[in-house]
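*Asks:* Structure below; questions to follow.
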Amino acid sequence: MPTTKITVRNNGSLGIEGDFEIVDAEGKPFGLKGRTKVSLCRCGQSANKPFCDSAHKTCGWESVVIAFDLPEPKPAP
Ligand code: FES
């Protein structure tokens, strides 16, 4: 059973819950103050990236995603 669940919300954010860490490009962790649930922006309009600030609700962005299977990964060289 995975310890982290990521939910792709229709017309909205990526919901992350469970045991996780979010780091910047340098590997520095964001201070989540003990949160076990956060929402990450998927629309690109948040003023608080990478976190969702609900801007997706007013910017007209739409994305409905249905789960699918990825192809097999390429073998490691
Ligand atoms: S997904 Fe919510 S502000 Fe971008």
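Letters A, B, ... mark the chains of the structure tokens in the order given; residue numbers begin at 1 per chain; ligand numbers begin at 1, in order shown.
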Let me see if you get this right: every residue at most 12 Å from ligand 1, counting only C-alpha atoms and all ligand atoms, written as a PyMOL selection string.
*Replies:* chain A and resi 7-15+38-63
*Asks:* Write a file of the just-selected residues containing C-alpha atoms, as a compact mmCIF listing (two decimals), in the first residue's frame.
*Replies:*
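Result saved to selection-v2.txt:
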# COMPACT_ATOMS: atom_id res chain seq x y z
CA THR A 7 -5.19 12.94 -6.81
CA VAL A 8 -5.49 14.70 -10.18
CA ARG A 9 -8.53 16.90 -9.58
CA ASN A 10 -10.73 17.77 -12.54
CA ASN A 11 -10.18 21.41 -13.52
CA GLY A 12 -8.05 21.82 -10.43
CA SER A 13 -4.95 21.02 -8.49
CA LEU A 14 -2.93 17.94 -7.66
CA GLY A 15 -3.93 16.83 -4.18
CA VAL A 38 -1.41 19.93 0.29
CA SER A 39 -2.59 20.97 -3.15
CA LEU A 40 -0.13 21.74 -5.93
CA CYS A 41 -1.02 24.07 -8.79
CA ARG A 42 -1.65 22.36 -12.11
CA CYS A 43 -3.07 25.33 -14.02
CA GLY A 44 0.00 27.56 -13.84
CA GLN A 45 -1.93 30.59 -12.51
CA SER A 46 -1.25 30.37 -8.78
CA ALA A 47 0.56 33.32 -7.21
CA ASN A 48 1.85 30.89 -4.58
CA LYS A 49 3.48 28.22 -6.77
CA PRO A 50 3.99 25.40 -6.41
CA PHE A 51 0.93 25.48 -4.17
CA CYS A 52 -2.61 26.00 -5.40
CA ASP A 53 -4.26 29.28 -4.37
CA SER A 54 -7.59 28.52 -6.11
CA ALA A 55 -6.79 30.77 -9.10
CA HIS A 56 -7.85 27.83 -11.29
CA LYS A 57 -11.46 28.58 -10.32
CA THR A 58 -11.46 31.97 -12.05
CA CYS A 59 -8.91 31.67 -14.88
CA GLY A 60 -11.04 29.48 -17.14
CA TRP A 61 -8.57 26.62 -17.10
CA GLU A 62 -10.06 23.20 -17.82
CA SER A 63 -8.52 19.74 -17.60
*Asks:* Tell me, which residues of chain A carry DSSP strand (DSSP E), written as a ChimeraX atom specification?
*Replies:* /A:4-8,14-18,37-40
*Asks:* Could you check which of A:Ile66, A:Glu17, A:Pro77, A:Thr4 is closest to Thr36 of chain A, using only C-alpha atoms?
*Replies:* A:Glu17
*Asks:* Between atom CA of Leu32 of chain A and atom CA of Asp19 of chain A, what is the distance in Å, rounded to a tenth?
*Replies:*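 Spanning atom CA of Leu32 of chain A to atom CA of Asp19 of chain A is a straight-line distance of 11.6 Å.
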